[in-house]
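**Student:** The structure is given below, and queries will be raised subsequently.
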Amino acid sequence: MSGKNGNTLNEKEKTFTGHPFSPFSQMAEKNGKTLSEKEKALAGLPYSPFSEELMNDQFRVREILFKFNNSKPGRFNSEEFRERDNMIRQLFGSVGEILYVEPPFRCDYGYNIHVGEKFYSNYNCTILDCNKVTIGDRVMFGPNVSLFTATHPTQPEVRAEGPQSAFPIKIGNDVWIGGGAIICPGITIGDGVTVGAGSVVTKDVPPYVIVAGSPAKIIKRLERKQKET
């Protein structure tokens, strides 16, 4: 197994994770401290998602999501509505006062997702939150929107060894992401952006534009309008 800069890892640099798909992980240090797989993920370093800590976190999320995705629908402010709302608040790292997520919804860990005020997500949203996902105020997702912080090596021989990486996604205020859009790892989307349905966003998006396509490109620039007082 190769380490950083292609060097071969010795036995002391290998850690068994107890999962057949990713049996080893590479040790990494920061300020003299050995990083956990979770810390490596948040630092954008190669890591194994099959450490005991991360697998326990994933299992916890799957239990909550199973209940959420199979919960009984309820009218606004009913007991069923409040139960769904509480489950999402248990999942996410931080939330605004008002949010609504339509089931089914899926994520990896939940605690890396941070949303602002008046967040709305339509059906079948998937957020692979192996790194932080920060979403601003008044953001809307159409159906089947996907946010992927996770990525894998493009070199097949390296990918076969099992490491993956994750890079944060940041979405500004007043953003509308159309149905079926995909936001790739490490992307920042500015305030006031509209992402067209089916788009694949592979580069940062500046504020107040409309982007569409695969890969997404700017098709219109918007003027900022002052709110009437």
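All residue names refer to the structure tokens as shown: chains lettered A, B, ... in order, residues numbered from 1 in each chain, ligands numbered from 1 in order.
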Tell me, as a list of chain:residue names, which residues lie within 6 Å of Gly190 of chain A, counting only C-alpha atoms; anything in the same chain fewer than 2 positions away does not count.
**Tutor:**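 Once the adjacent positions are removed, what remains is A:Gly172, A:Val205, A:Pro206, A:Pro207.
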**Student:** Could you save the residues just selected, with all heavy atoms, as an mmCIF file, in the first residue's frame?
**Tutor:**
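Just written: again-v7.cif:
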```
data_model
loop_
_atom_site.group_PDB
_atom_site.id
_atom_site.type_symbol
_atom_site.label_atom_id
_atom_site.label_comp_id
_atom_site.auth_asym_id
_atom_site.auth_seq_id
_atom_site.Cartn_x
_atom_site.Cartn_y
_atom_site.Cartn_z
ATOM 1 N N GLY A 172 -24.610 29.784 -0.319
ATOM 2 C CA GLY A 172 -24.962 31.066 0.279
ATOM 3 C C GLY A 172 -26.449 31.228 0.541
ATOM 4 O O GLY A 172 -27.230 30.267 0.509
ATOM 5 N N VAL A 205 -19.445 28.986 -7.986
ATOM 6 C CA VAL A 205 -20.418 29.839 -8.675
ATOM 7 C C VAL A 205 -20.464 31.194 -7.977
ATOM 8 O O VAL A 205 -20.713 31.256 -6.765
ATOM 9 C CB VAL A 205 -21.818 29.190 -8.664
ATOM 10 C CG1 VAL A 205 -22.829 30.088 -9.379
ATOM 11 C CG2 VAL A 205 -21.776 27.798 -9.308
ATOM 12 N N PRO A 206 -20.241 32.290 -8.703
ATOM 13 C CA PRO A 206 -20.282 33.616 -8.076
ATOM 14 C C PRO A 206 -21.714 34.012 -7.722
ATOM 15 O O PRO A 206 -22.676 33.413 -8.221
ATOM 16 C CB PRO A 206 -19.704 34.532 -9.156
ATOM 17 C CG PRO A 206 -20.013 33.840 -10.440
ATOM 18 C CD PRO A 206 -19.908 32.373 -10.145
ATOM 19 N N PRO A 207 -21.883 35.040 -6.889
ATOM 20 C CA PRO A 207 -23.228 35.461 -6.502
ATOM 21 C C PRO A 207 -24.057 35.990 -7.669
ATOM 22 O O PRO A 207 -23.528 36.477 -8.660
ATOM 23 C CB PRO A 207 -22.963 36.579 -5.481
ATOM 24 C CG PRO A 207 -21.566 36.368 -5.015
ATOM 25 C CD PRO A 207 -20.827 35.790 -6.180
#
```
**Student:** Which residues are near Glu80 of chain A? Cut-off 12 Å, only C-alpha atoms, ignore same chain within fewer than 6 positions. Put them as a PDB file with all heavy atoms, in the first residue's frame.
**Tutor:**
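part10.pdb, written as the output of this step:
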```
ATOM      1  N   LYS A  67     -36.490   5.749  10.497  1.00  0.00           N
ATOM      2  CA  LYS A  67     -37.711   6.234  11.148  1.00  0.00           C
ATOM      3  C   LYS A  67     -38.283   7.443  10.403  1.00  0.00           C
ATOM      4  O   LYS A  67     -39.494   7.531  10.185  1.00  0.00           O
ATOM      5  CB  LYS A  67     -37.417   6.604  12.596  1.00  0.00           C
ATOM      6  CG  LYS A  67     -37.035   5.430  13.472  1.00  0.00           C
ATOM      7  CD  LYS A  67     -36.685   5.888  14.882  1.00  0.00           C
ATOM      8  CE  LYS A  67     -36.232   4.734  15.753  1.00  0.00           C
ATOM      9  NZ  LYS A  67     -35.839   5.186  17.113  1.00  0.00           N
ATOM     10  N   PHE A  68     -37.396   8.373  10.016  1.00  0.00           N
ATOM     11  CA  PHE A  68     -37.847   9.580   9.331  1.00  0.00           C
ATOM     12  C   PHE A  68     -38.485   9.249   7.989  1.00  0.00           C
ATOM     13  O   PHE A  68     -39.585   9.723   7.669  1.00  0.00           O
ATOM     14  CB  PHE A  68     -36.668  10.534   9.126  1.00  0.00           C
ATOM     15  CG  PHE A  68     -37.013  11.777   8.358  1.00  0.00           C
ATOM     16  CD1 PHE A  68     -37.657  12.840   8.979  1.00  0.00           C
ATOM     17  CD2 PHE A  68     -36.698  11.892   7.008  1.00  0.00           C
ATOM     18  CE1 PHE A  68     -37.991  13.985   8.268  1.00  0.00           C
ATOM     19  CE2 PHE A  68     -37.025  13.034   6.291  1.00  0.00           C
ATOM     20  CZ  PHE A  68     -37.671  14.083   6.928  1.00  0.00           C
ATOM     21  N   ASN A  70     -39.831   6.608   6.945  1.00  0.00           N
ATOM     22  CA  ASN A  70     -41.032   5.771   7.038  1.00  0.00           C
ATOM     23  C   ASN A  70     -42.067   6.347   8.003  1.00  0.00           C
ATOM     24  O   ASN A  70     -42.991   5.647   8.411  1.00  0.00           O
ATOM     25  CB  ASN A  70     -40.639   4.354   7.481  1.00  0.00           C
ATOM     26  CG  ASN A  70     -39.835   3.623   6.443  1.00  0.00           C
ATOM     27  OD1 ASN A  70     -40.376   3.078   5.490  1.00  0.00           O
ATOM     28  ND2 ASN A  70     -38.515   3.621   6.606  1.00  0.00           N
ATOM     29  N   SER A  71     -41.895   7.629   8.328  1.00  0.00           N
ATOM     30  CA  SER A  71     -42.805   8.258   9.282  1.00  0.00           C
ATOM     31  C   SER A  71     -44.140   8.603   8.631  1.00  0.00           C
ATOM     32  O   SER A  71     -44.238   8.806   7.414  1.00  0.00           O
ATOM     33  CB  SER A  71     -42.168   9.519   9.860  1.00  0.00           C
ATOM     34  OG  SER A  71     -41.867  10.449   8.831  1.00  0.00           O
ATOM     35  N   LYS A  72     -45.146   8.680   9.462  1.00  0.00           N
ATOM     36  CA  LYS A  72     -46.490   9.014   8.996  1.00  0.00           C
ATOM     37  C   LYS A  72     -46.580  10.508   8.694  1.00  0.00           C
ATOM     38  O   LYS A  72     -46.123  11.339   9.480  1.00  0.00           O
ATOM     39  CB  LYS A  72     -47.501   8.648  10.078  1.00  0.00           C
ATOM     40  CG  LYS A  72     -48.947   8.914   9.693  1.00  0.00           C
ATOM     41  CD  LYS A  72     -49.872   8.530  10.840  1.00  0.00           C
ATOM     42  CE  LYS A  72     -51.326   8.841  10.476  1.00  0.00           C
ATOM     43  NZ  LYS A  72     -52.247   8.491  11.586  1.00  0.00           N
ATOM     44  N   PRO A  73     -47.137  10.887   7.538  1.00  0.00           N
ATOM     45  CA  PRO A  73     -47.282  12.321   7.239  1.00  0.00           C
ATOM     46  C   PRO A  73     -48.271  12.981   8.183  1.00  0.00           C
ATOM     47  O   PRO A  73     -49.192  12.336   8.694  1.00  0.00           O
ATOM     48  CB  PRO A  73     -47.795  12.332   5.797  1.00  0.00           C
ATOM     49  CG  PRO A  73     -48.451  11.008   5.608  1.00  0.00           C
ATOM     50  CD  PRO A  73     -47.676  10.043   6.460  1.00  0.00           C
ATOM     51  N   GLY A  74     -48.051  14.256   8.405  1.00  0.00           N
ATOM     52  CA  GLY A  74     -48.958  14.990   9.291  1.00  0.00           C
ATOM     53  C   GLY A  74     -49.088  16.434   8.860  1.00  0.00           C
ATOM     54  O   GLY A  74     -48.187  16.994   8.233  1.00  0.00           O
ATOM     55  N   ASN A  86     -38.279  17.100  14.701  1.00  0.00           N
ATOM     56  CA  ASN A  86     -37.314  16.771  15.746  1.00  0.00           C
ATOM     57  C   ASN A  86     -36.242  15.816  15.251  1.00  0.00           C
ATOM     58  O   ASN A  86     -35.064  15.921  15.642  1.00  0.00           O
ATOM     59  CB  ASN A  86     -38.032  16.167  16.957  1.00  0.00           C
ATOM     60  CG  ASN A  86     -38.812  17.200  17.742  1.00  0.00           C
ATOM     61  OD1 ASN A  86     -38.494  18.383  17.716  1.00  0.00           O
ATOM     62  ND2 ASN A  86     -39.853  16.758  18.440  1.00  0.00           N
ATOM     63  N   MET A  87     -36.619  14.868  14.392  1.00  0.00           N
ATOM     64  CA  MET A  87     -35.638  13.911  13.872  1.00  0.00           C
ATOM     65  C   MET A  87     -34.595  14.602  13.018  1.00  0.00           C
ATOM     66  O   MET A  87     -33.397  14.293  13.103  1.00  0.00           O
ATOM     67  CB  MET A  87     -36.350  12.795  13.101  1.00  0.00           C
ATOM     68  CG  MET A  87     -37.020  11.773  14.004  1.00  0.00           C
ATOM     69  SD  MET A  87     -37.642  10.318  13.118  1.00  0.00           S
ATOM     70  CE  MET A  87     -39.214  10.949  12.516  1.00  0.00           C
TER      71      MET A  87
END
```
**Student:** Sort by chain and increasing residue number a table of all residues of segment 45-137 of chain A within 9 Å of segment 147-167 of chain A, each with its closest pair of atoms and their distance in Å to one decimal, counting only C-alpha atoms, and write it as JSON lines.
**Tutor:**
```
{"residue": "A:Leu45", "atom": "CA", "partner": "A:Ser165", "partner_atom": "CA", "distance": 5.8}
{"residue": "A:Pro46", "atom": "CA", "partner": "A:Ser165", "partner_atom": "CA", "distance": 4.8}
{"residue": "A:Tyr47", "atom": "CA", "partner": "A:Pro163", "partner_atom": "CA", "distance": 5.4}
{"residue": "A:Ser48", "atom": "CA", "partner": "A:Pro163", "partner_atom": "CA", "distance": 5.6}
{"residue": "A:Pro49", "atom": "CA", "partner": "A:Gln164", "partner_atom": "CA", "distance": 7.7}
{"residue": "A:Cys125", "atom": "CA", "partner": "A:Leu147", "partner_atom": "CA", "distance": 8.3}
{"residue": "A:Thr126", "atom": "CA", "partner": "A:Leu147", "partner_atom": "CA", "distance": 6.3}
{"residue": "A:Ile127", "atom": "CA", "partner": "A:Leu147", "partner_atom": "CA", "distance": 4.7}
{"residue": "A:Leu128", "atom": "CA", "partner": "A:Phe148", "partner_atom": "CA", "distance": 4.9}
{"residue": "A:Asp129", "atom": "CA", "partner": "A:Thr149", "partner_atom": "CA", "distance": 5.9}
{"residue": "A:Cys130", "atom": "CA", "partner": "A:Ala166", "partner_atom": "CA", "distance": 5.8}
{"residue": "A:Asn131", "atom": "CA", "partner": "A:Ala166", "partner_atom": "CA", "distance": 5.5}
{"residue": "A:Lys132", "atom": "CA", "partner": "A:Phe167", "partner_atom": "CA", "distance": 7.6}
{"residue": "A:Val133", "atom": "CA", "partner": "A:Thr149", "partner_atom": "CA", "distance": 7.7}
```
**Student:** Quick one: write out the picked residues with all heavy atoms as an mmCIF file, in the first residue's frame?
**Tutor:**
```cif
data_model
loop_
_atom_site.group_PDB
_atom_site.id
_atom_site.type_symbol
_atom_site.label_atom_id
_atom_site.label_comp_id
_atom_site.auth_asym_id
_atom_site.auth_seq_id
_atom_site.Cartn_x
_atom_site.Cartn_y
_atom_site.Cartn_z
ATOM 1 N N LEU A 45 -7.933 15.183 4.084
ATOM 2 C CA LEU A 45 -6.884 14.191 3.868
ATOM 3 C C LEU A 45 -7.496 12.844 3.493
ATOM 4 O O LEU A 45 -8.657 12.570 3.804
ATOM 5 C CB LEU A 45 -6.065 14.029 5.150
ATOM 6 C CG LEU A 45 -5.301 15.261 5.639
ATOM 7 C CD1 LEU A 45 -4.721 14.997 7.025
ATOM 8 C CD2 LEU A 45 -4.209 15.651 4.656
ATOM 9 N N PRO A 46 -6.731 11.985 2.807
ATOM 10 C CA PRO A 46 -7.235 10.631 2.552
ATOM 11 C C PRO A 46 -7.564 9.929 3.864
ATOM 12 O O PRO A 46 -6.824 10.033 4.837
ATOM 13 C CB PRO A 46 -6.052 9.952 1.838
ATOM 14 C CG PRO A 46 -5.266 11.072 1.243
ATOM 15 C CD PRO A 46 -5.403 12.214 2.216
ATOM 16 N N TYR A 47 -8.692 9.220 3.869
ATOM 17 C CA TYR A 47 -9.130 8.554 5.092
ATOM 18 C C TYR A 47 -9.936 7.320 4.743
ATOM 19 O O TYR A 47 -10.342 7.114 3.581
ATOM 20 C CB TYR A 47 -9.975 9.508 5.946
ATOM 21 C CG TYR A 47 -11.376 9.724 5.419
ATOM 22 C CD1 TYR A 47 -12.463 9.032 5.958
ATOM 23 C CD2 TYR A 47 -11.618 10.588 4.361
ATOM 24 C CE1 TYR A 47 -13.739 9.199 5.462
ATOM 25 C CE2 TYR A 47 -12.888 10.772 3.862
ATOM 26 C CZ TYR A 47 -13.954 10.078 4.412
ATOM 27 O OH TYR A 47 -15.224 10.244 3.902
ATOM 28 N N SER A 48 -10.173 6.492 5.736
ATOM 29 C CA SER A 48 -11.045 5.337 5.569
ATOM 30 C C SER A 48 -12.391 5.619 6.230
ATOM 31 O O SER A 48 -12.423 5.981 7.412
ATOM 32 C CB SER A 48 -10.423 4.089 6.200
ATOM 33 O OG SER A 48 -11.391 3.048 6.258
ATOM 34 N N PRO A 49 -13.502 5.435 5.518
ATOM 35 C CA PRO A 49 -14.819 5.637 6.136
ATOM 36 C C PRO A 49 -15.250 4.454 6.990
ATOM 37 O O PRO A 49 -16.349 4.460 7.532
ATOM 38 C CB PRO A 49 -15.739 5.787 4.922
ATOM 39 C CG PRO A 49 -15.090 4.962 3.868
ATOM 40 C CD PRO A 49 -13.609 5.090 4.089
ATOM 41 N N CYS A 125 -33.605 14.019 -1.535
ATOM 42 C CA CYS A 125 -32.339 14.738 -1.397
ATOM 43 C C CYS A 125 -31.282 13.805 -0.793
ATOM 44 O O CYS A 125 -31.556 13.052 0.140
ATOM 45 C CB CYS A 125 -32.507 15.963 -0.502
ATOM 46 S SG CYS A 125 -30.983 16.884 -0.220
ATOM 47 N N THR A 126 -30.078 13.867 -1.345
ATOM 48 C CA THR A 126 -28.952 13.098 -0.822
ATOM 49 C C THR A 126 -27.800 14.050 -0.529
ATOM 50 O O THR A 126 -27.374 14.800 -1.413
ATOM 51 C CB THR A 126 -28.487 12.031 -1.823
ATOM 52 O OG1 THR A 126 -29.542 11.097 -2.053
ATOM 53 C CG2 THR A 126 -27.268 11.282 -1.293
ATOM 54 N N ILE A 127 -27.309 14.030 0.701
ATOM 55 C CA ILE A 127 -26.149 14.840 1.076
ATOM 56 C C ILE A 127 -25.097 13.914 1.664
ATOM 57 O O ILE A 127 -25.283 13.369 2.750
ATOM 58 C CB ILE A 127 -26.513 15.946 2.089
ATOM 59 C CG1 ILE A 127 -27.594 16.868 1.515
ATOM 60 C CG2 ILE A 127 -25.273 16.750 2.458
ATOM 61 C CD1 ILE A 127 -28.025 17.991 2.462
ATOM 62 N N LEU A 128 -24.005 13.721 0.932
ATOM 63 C CA LEU A 128 -22.886 12.945 1.442
ATOM 64 C C LEU A 128 -21.990 13.901 2.221
ATOM 65 O O LEU A 128 -21.086 14.516 1.673
ATOM 66 C CB LEU A 128 -22.130 12.274 0.298
ATOM 67 C CG LEU A 128 -22.960 11.355 -0.609
ATOM 68 C CD1 LEU A 128 -22.052 10.627 -1.594
ATOM 69 C CD2 LEU A 128 -23.780 10.355 0.199
ATOM 70 N N ASP A 129 -22.263 14.003 3.499
ATOM 71 C CA ASP A 129 -21.613 15.010 4.346
ATOM 72 C C ASP A 129 -20.389 14.439 5.068
ATOM 73 O O ASP A 129 -20.272 14.523 6.286
ATOM 74 C CB ASP A 129 -22.609 15.605 5.350
ATOM 75 C CG ASP A 129 -23.193 14.563 6.295
ATOM 76 O OD1 ASP A 129 -23.570 13.474 5.826
ATOM 77 O OD2 ASP A 129 -23.274 14.843 7.499
ATOM 78 N N CYS A 130 -19.464 13.888 4.300
ATOM 79 C CA CYS A 130 -18.208 13.407 4.890
ATOM 80 C C CYS A 130 -17.332 14.574 5.314
ATOM 81 O O CYS A 130 -16.399 14.395 6.099
ATOM 82 C CB CYS A 130 -17.473 12.524 3.889
ATOM 83 S SG CYS A 130 -18.472 11.140 3.300
ATOM 84 N N ASN A 131 -17.592 15.750 4.778
ATOM 85 C CA ASN A 131 -16.998 17.000 5.230
ATOM 86 C C ASN A 131 -18.153 17.975 5.441
ATOM 87 O O ASN A 131 -19.313 17.638 5.206
ATOM 88 C CB ASN A 131 -15.985 17.529 4.209
ATOM 89 C CG ASN A 131 -14.916 18.404 4.840
ATOM 90 O OD1 ASN A 131 -15.207 19.250 5.675
ATOM 91 N ND2 ASN A 131 -13.663 18.204 4.435
ATOM 92 N N LYS A 132 -17.855 19.169 5.871
ATOM 93 C CA LYS A 132 -18.912 20.113 6.232
ATOM 94 C C LYS A 132 -19.708 20.575 5.014
ATOM 95 O O LYS A 132 -19.155 20.861 3.962
ATOM 96 C CB LYS A 132 -18.312 21.324 6.951
ATOM 97 C CG LYS A 132 -17.855 21.031 8.366
ATOM 98 C CD LYS A 132 -17.425 22.299 9.087
ATOM 99 C CE LYS A 132 -17.005 21.990 10.517
ATOM 100 N NZ LYS A 132 -16.593 23.208 11.250
ATOM 101 N N VAL A 133 -21.015 20.659 5.213
ATOM 102 C CA VAL A 133 -21.933 21.237 4.230
ATOM 103 C C VAL A 133 -22.639 22.397 4.928
ATOM 104 O O VAL A 133 -23.386 22.189 5.884
ATOM 105 C CB VAL A 133 -22.953 20.206 3.726
ATOM 106 C CG1 VAL A 133 -23.973 20.868 2.803
ATOM 107 C CG2 VAL A 133 -22.237 19.064 3.008
#
```
**Student:** Per DSSP on the backbone, what are the strand (DSSP E) residues of chain A, as number ranges by chain?
**Tutor:** A: 14-16, 24-26, 29-30, 33-34, 99-101, 105-107, 113-115, 119-121, 125-128, 133-135, 140-141, 146-148, 150-151, 165-166, 169-171, 176-177, 182-183, 188-189, 194-195, 200-201, 209-212, 217-221
